[in-house]
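Some notes on the structure that comes next.
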Amino acid sequence: MSYNKRENKKNTVVSTVVAVVLLIVIVVLIFLLVKRQDKNNTAQPTASAQSPGTPTAEPTPSPTVSPTPEPTPTTSDFASPSPTPQSAYDYSNPVPQSEPVELEFFEDAIFIGDSRMEDFAAFSGLAKYATFYTHIGVTVNHLISENESEVIRFRVNGESLTLEETLRKYNDFSKVYIMLGYNELGWPYPEEFIKYYVKVLDIIKEANPASEIYVECVIPVARTITGSGVDPETENNENIARFNRYIREMCKEQKVYFLNVQEALVDSEGYLPDGAASDGIHMKKEYCIKWLDYIKCHVVSNQ
């Protein structure tokens, strides 16, 4: 073999070795780069799981679980008192005007009162919806007297019951309208009248603490009143205004609603207009309807 042939063969072998070595180096470098990339991907969280500005957390072996959102708290979750008008209502003022209600609103209401309330039941048509506990000549002490023989009884579902017995047995009412005071105008001390009135309110509250209690003012009389046993010395608007001041103060202290129904019934001088009542006291149908319209538009829960 000549020298050139030997030299060419030697060069070919060297080139082959170099090529193989370079290939091995390239493969090793690629392997190292891939391994390093995999390591970096494992060590760092993805962009969607990392909040801006927060340090990178070490990965945990357990899978990532999104936290359950906190439930929105409701009033039942706290120990705050039930939402009732007592917390915001100003009991020193009469019930303000509200959106009118339908007659069905009074289906769970009871009305307590004397002969004027009895006329209201008959002429307003409300007796078809509400329950009335009325009696001619009734006074507050007849409803709560300690002397059982003096206590007026009501005929309810075939039973003879006192007001207290009635309210305790049939306590599915949610609203109470009460008007007393006209037959007490002859009492020398309004304070005694209020003392008994408060006891009547206590009976109602104990029978159904959640009920709304509306105390109606004593309605003024006409300029002329007639009838057997009428006493103009006490049955007059000056005395009625005095009793109403006591009633209004009682409502403030007892946290019950004062209904100033006379606003819808009297004239500019504070009297029942001529012709509103046959005897100047007990109102005719037209004015009982005015009375009804007033209480329909003065509802605390509809403010």
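In the structure tokens, each chain is lettered A, B, ... as it comes, each chain's residues begin at 1, and ligands are numbered from 1 in order of appearance.
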
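Backbone DSSP of region 163-236 of chain A yields helix (DSSP H, G or I) at Leu163, Glu164, Glu165, Thr166, Leu167, Arg168, Lys169, Tyr182, Asn183, Glu184, Pro190, Glu191, Glu192, Phe193, Ile194, Lys195, Tyr196, Tyr197, Val198, Lys199, Val200, Leu201, Asp202, Ile203, Ile204, Lys205, Glu206 and Ala207 of chain A.
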
Write a file of the just-selected residues containing C-alpha atoms, as an mmCIF file, in the first residue's frame.
```
data_model
loop_
_atom_site.group_PDB
_atom_site.id
_atom_site.type_symbol
_atom_site.label_atom_id
_atom_site.label_comp_id
_atom_site.auth_asym_id
_atom_site.auth_seq_id
_atom_site.Cartn_x
_atom_site.Cartn_y
_atom_site.Cartn_z
ATOM 1 C CA LEU A 163 -111.594 38.267 77.151
ATOM 2 C CA GLU A 164 -108.520 36.665 78.698
ATOM 3 C CA GLU A 165 -109.894 33.145 78.227
ATOM 4 C CA THR A 166 -110.894 33.956 74.663
ATOM 5 C CA LEU A 167 -107.528 35.357 73.637
ATOM 6 C CA ARG A 168 -105.589 32.508 75.218
ATOM 7 C CA LYS A 169 -107.759 29.850 73.582
ATOM 8 C CA TYR A 182 -115.856 56.685 76.059
ATOM 9 C CA ASN A 183 -117.752 54.964 78.863
ATOM 10 C CA GLU A 184 -114.966 55.909 81.285
ATOM 11 C CA PRO A 190 -107.873 58.991 84.128
ATOM 12 C CA GLU A 191 -104.885 57.324 85.776
ATOM 13 C CA GLU A 192 -107.174 54.520 86.997
ATOM 14 C CA PHE A 193 -108.503 54.090 83.476
ATOM 15 C CA ILE A 194 -104.934 53.777 82.139
ATOM 16 C CA LYS A 195 -103.987 51.282 84.850
ATOM 17 C CA TYR A 196 -106.755 48.925 83.720
ATOM 18 C CA TYR A 197 -106.043 49.610 80.055
ATOM 19 C CA VAL A 198 -102.429 48.476 80.527
ATOM 20 C CA LYS A 199 -103.688 45.230 82.073
ATOM 21 C CA VAL A 200 -105.833 44.614 78.991
ATOM 22 C CA LEU A 201 -102.775 45.194 76.795
ATOM 23 C CA ASP A 202 -100.805 42.752 78.942
ATOM 24 C CA ILE A 203 -103.434 40.063 78.343
ATOM 25 C CA ILE A 204 -103.116 40.568 74.591
ATOM 26 C CA LYS A 205 -99.315 40.504 74.678
ATOM 27 C CA GLU A 206 -99.244 37.347 76.799
ATOM 28 C CA ALA A 207 -101.749 35.569 74.543
#
```

Requested in this report: Once DSSP has gone over the backbone, tell me which residues of region 190-227 of chain A are in strand (DSSP E), as number ranges by chain.
Outcome: A: 212-216

**Report entry** All residues 9 Å or closer to Val299 (chain A), only C-alpha atoms, same chain fewer than 3 positions away omitted, as a list in words
**Finding:** Val95, Pro96, Gln97, Ser98, Glu99, Pro100, Val101, Ile295, Lys296, Asn302 and Gln303 of chain A

Write the residues of the preceding selection, restricted to all heavy atoms, as a PDB file, in the first residue's frame.
```pdb
ATOM      1  N   VAL A  95     -99.783  56.496  64.131  1.00  0.00           N
ATOM      2  CA  VAL A  95     -99.400  55.720  62.956  1.00  0.00           C
ATOM      3  C   VAL A  95     -99.547  56.600  61.713  1.00  0.00           C
ATOM      4  O   VAL A  95    -100.619  57.166  61.473  1.00  0.00           O
ATOM      5  CB  VAL A  95    -100.285  54.466  62.821  1.00  0.00           C
ATOM      6  CG1 VAL A  95     -99.959  53.712  61.529  1.00  0.00           C
ATOM      7  CG2 VAL A  95    -100.109  53.555  64.029  1.00  0.00           C
ATOM      8  N   PRO A  96     -98.495  56.729  60.914  1.00  0.00           N
ATOM      9  CA  PRO A  96     -98.588  57.566  59.711  1.00  0.00           C
ATOM     10  C   PRO A  96     -99.344  56.856  58.592  1.00  0.00           C
ATOM     11  O   PRO A  96     -99.596  55.648  58.654  1.00  0.00           O
ATOM     12  CB  PRO A  96     -97.126  57.779  59.321  1.00  0.00           C
ATOM     13  CG  PRO A  96     -96.425  56.564  59.840  1.00  0.00           C
ATOM     14  CD  PRO A  96     -97.143  56.183  61.098  1.00  0.00           C
ATOM     15  N   GLN A  97     -99.694  57.612  57.579  1.00  0.00           N
ATOM     16  CA  GLN A  97    -100.412  57.046  56.443  1.00  0.00           C
ATOM     17  C   GLN A  97     -99.526  56.069  55.687  1.00  0.00           C
ATOM     18  O   GLN A  97     -98.313  56.245  55.583  1.00  0.00           O
ATOM     19  CB  GLN A  97    -100.884  58.157  55.505  1.00  0.00           C
ATOM     20  CG  GLN A  97    -101.782  57.676  54.369  1.00  0.00           C
ATOM     21  CD  GLN A  97    -102.400  58.828  53.589  1.00  0.00           C
ATOM     22  OE1 GLN A  97    -102.381  59.967  54.046  1.00  0.00           O
ATOM     23  NE2 GLN A  97    -102.960  58.533  52.440  1.00  0.00           N
ATOM     24  N   SER A  98    -100.152  55.018  55.159  1.00  0.00           N
ATOM     25  CA  SER A  98     -99.433  53.988  54.422  1.00  0.00           C
ATOM     26  C   SER A  98    -100.218  53.626  53.164  1.00  0.00           C
ATOM     27  O   SER A  98    -101.312  54.146  52.920  1.00  0.00           O
ATOM     28  CB  SER A  98     -99.251  52.744  55.292  1.00  0.00           C
ATOM     29  OG  SER A  98    -100.519  52.163  55.587  1.00  0.00           O
ATOM     30  N   GLU A  99     -99.667  52.713  52.395  1.00  0.00           N
ATOM     31  CA  GLU A  99    -100.397  52.185  51.250  1.00  0.00           C
ATOM     32  C   GLU A  99    -101.620  51.420  51.764  1.00  0.00           C
ATOM     33  O   GLU A  99    -101.538  50.705  52.765  1.00  0.00           O
ATOM     34  CB  GLU A  99     -99.509  51.251  50.424  1.00  0.00           C
ATOM     35  CG  GLU A  99     -98.394  51.959  49.677  1.00  0.00           C
ATOM     36  CD  GLU A  99     -98.935  52.901  48.611  1.00  0.00           C
ATOM     37  OE1 GLU A  99     -99.913  52.522  47.932  1.00  0.00           O
ATOM     38  OE2 GLU A  99     -98.397  54.007  48.470  1.00  0.00           O
ATOM     39  N   PRO A 100    -102.775  51.543  51.116  1.00  0.00           N
ATOM     40  CA  PRO A 100    -103.987  50.874  51.615  1.00  0.00           C
ATOM     41  C   PRO A 100    -103.894  49.357  51.492  1.00  0.00           C
ATOM     42  O   PRO A 100    -103.199  48.831  50.620  1.00  0.00           O
ATOM     43  CB  PRO A 100    -105.089  51.433  50.713  1.00  0.00           C
ATOM     44  CG  PRO A 100    -104.382  51.847  49.461  1.00  0.00           C
ATOM     45  CD  PRO A 100    -103.024  52.320  49.885  1.00  0.00           C
ATOM     46  N   VAL A 101    -104.581  48.677  52.389  1.00  0.00           N
ATOM     47  CA  VAL A 101    -104.649  47.216  52.347  1.00  0.00           C
ATOM     48  C   VAL A 101    -106.045  46.794  51.917  1.00  0.00           C
ATOM     49  O   VAL A 101    -107.007  47.571  51.975  1.00  0.00           O
ATOM     50  CB  VAL A 101    -104.318  46.607  53.723  1.00  0.00           C
ATOM     51  CG1 VAL A 101    -102.894  46.944  54.128  1.00  0.00           C
ATOM     52  CG2 VAL A 101    -105.304  47.093  54.790  1.00  0.00           C
ATOM     53  N   ILE A 295    -108.277  53.189  58.765  1.00  0.00           N
ATOM     54  CA  ILE A 295    -107.413  52.133  59.306  1.00  0.00           C
ATOM     55  C   ILE A 295    -106.793  51.299  58.180  1.00  0.00           C
ATOM     56  O   ILE A 295    -105.719  50.731  58.356  1.00  0.00           O
ATOM     57  CB  ILE A 295    -108.159  51.236  60.324  1.00  0.00           C
ATOM     58  CG1 ILE A 295    -109.246  50.418  59.651  1.00  0.00           C
ATOM     59  CG2 ILE A 295    -108.707  52.075  61.468  1.00  0.00           C
ATOM     60  CD1 ILE A 295    -109.858  49.383  60.599  1.00  0.00           C
ATOM     61  N   LYS A 296    -107.460  51.234  57.015  1.00  0.00           N
ATOM     62  CA  LYS A 296    -106.867  50.531  55.886  1.00  0.00           C
ATOM     63  C   LYS A 296    -105.623  51.243  55.360  1.00  0.00           C
ATOM     64  O   LYS A 296    -104.751  50.612  54.769  1.00  0.00           O
ATOM     65  CB  LYS A 296    -107.904  50.414  54.751  1.00  0.00           C
ATOM     66  CG  LYS A 296    -108.995  49.374  55.001  1.00  0.00           C
ATOM     67  CD  LYS A 296    -110.098  49.467  53.964  1.00  0.00           C
ATOM     68  CE  LYS A 296    -109.613  49.210  52.564  1.00  0.00           C
ATOM     69  NZ  LYS A 296    -110.702  49.299  51.561  1.00  0.00           N
ATOM     70  N   ASN A 302     -97.199  47.969  56.560  1.00  0.00           N
ATOM     71  CA  ASN A 302     -97.318  48.342  55.139  1.00  0.00           C
ATOM     72  C   ASN A 302     -96.662  49.681  54.846  1.00  0.00           C
ATOM     73  O   ASN A 302     -96.936  50.291  53.819  1.00  0.00           O
ATOM     74  CB  ASN A 302     -98.800  48.379  54.739  1.00  0.00           C
ATOM     75  CG  ASN A 302     -99.014  48.032  53.283  1.00  0.00           C
ATOM     76  OD1 ASN A 302     -98.305  47.207  52.726  1.00  0.00           O
ATOM     77  ND2 ASN A 302    -100.001  48.637  52.644  1.00  0.00           N
ATOM     78  N   GLN A 303     -95.791  50.130  55.764  1.00  0.00           N
ATOM     79  CA  GLN A 303     -95.122  51.429  55.579  1.00  0.00           C
ATOM     80  C   GLN A 303     -94.089  51.319  54.472  1.00  0.00           C
ATOM     81  O   GLN A 303     -93.424  50.312  54.348  1.00  0.00           O
ATOM     82  CB  GLN A 303     -94.435  51.851  56.883  1.00  0.00           C
ATOM     83  CG  GLN A 303     -95.395  52.065  58.044  1.00  0.00           C
ATOM     84  CD  GLN A 303     -96.354  53.232  57.852  1.00  0.00           C
ATOM     85  OE1 GLN A 303     -95.988  54.246  57.268  1.00  0.00           O
ATOM     86  NE2 GLN A 303     -97.568  53.107  58.332  1.00  0.00           N
TER      87      GLN A 303
END
```

Query - Among the residues A:Tyr246, A:Phe123, A:Tyr133, A:Phe173, the one that comes closest to Glu107 (chain A) [using only C-alpha atoms] - result: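 Closest residue, counting only C-alpha atoms: A:Phe173.
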
**Report entry** Selected residue of minimal separation from Ala277 (chain A) among A:Thr224, A:Ser301, A:Gln254, A:Ser149, counting only C-alpha atoms
**Finding:**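 The closest residue to Ala277 (chain A) is A:Thr224.
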
Requested in this report: Would you mind listing what lies within 7 Å of Ile152 (chain A) as a ChimeraX atom specification, with only C-alpha atoms counted and same-chain residues fewer than 5 positions away left out?
Outcome: /A:142-143,162
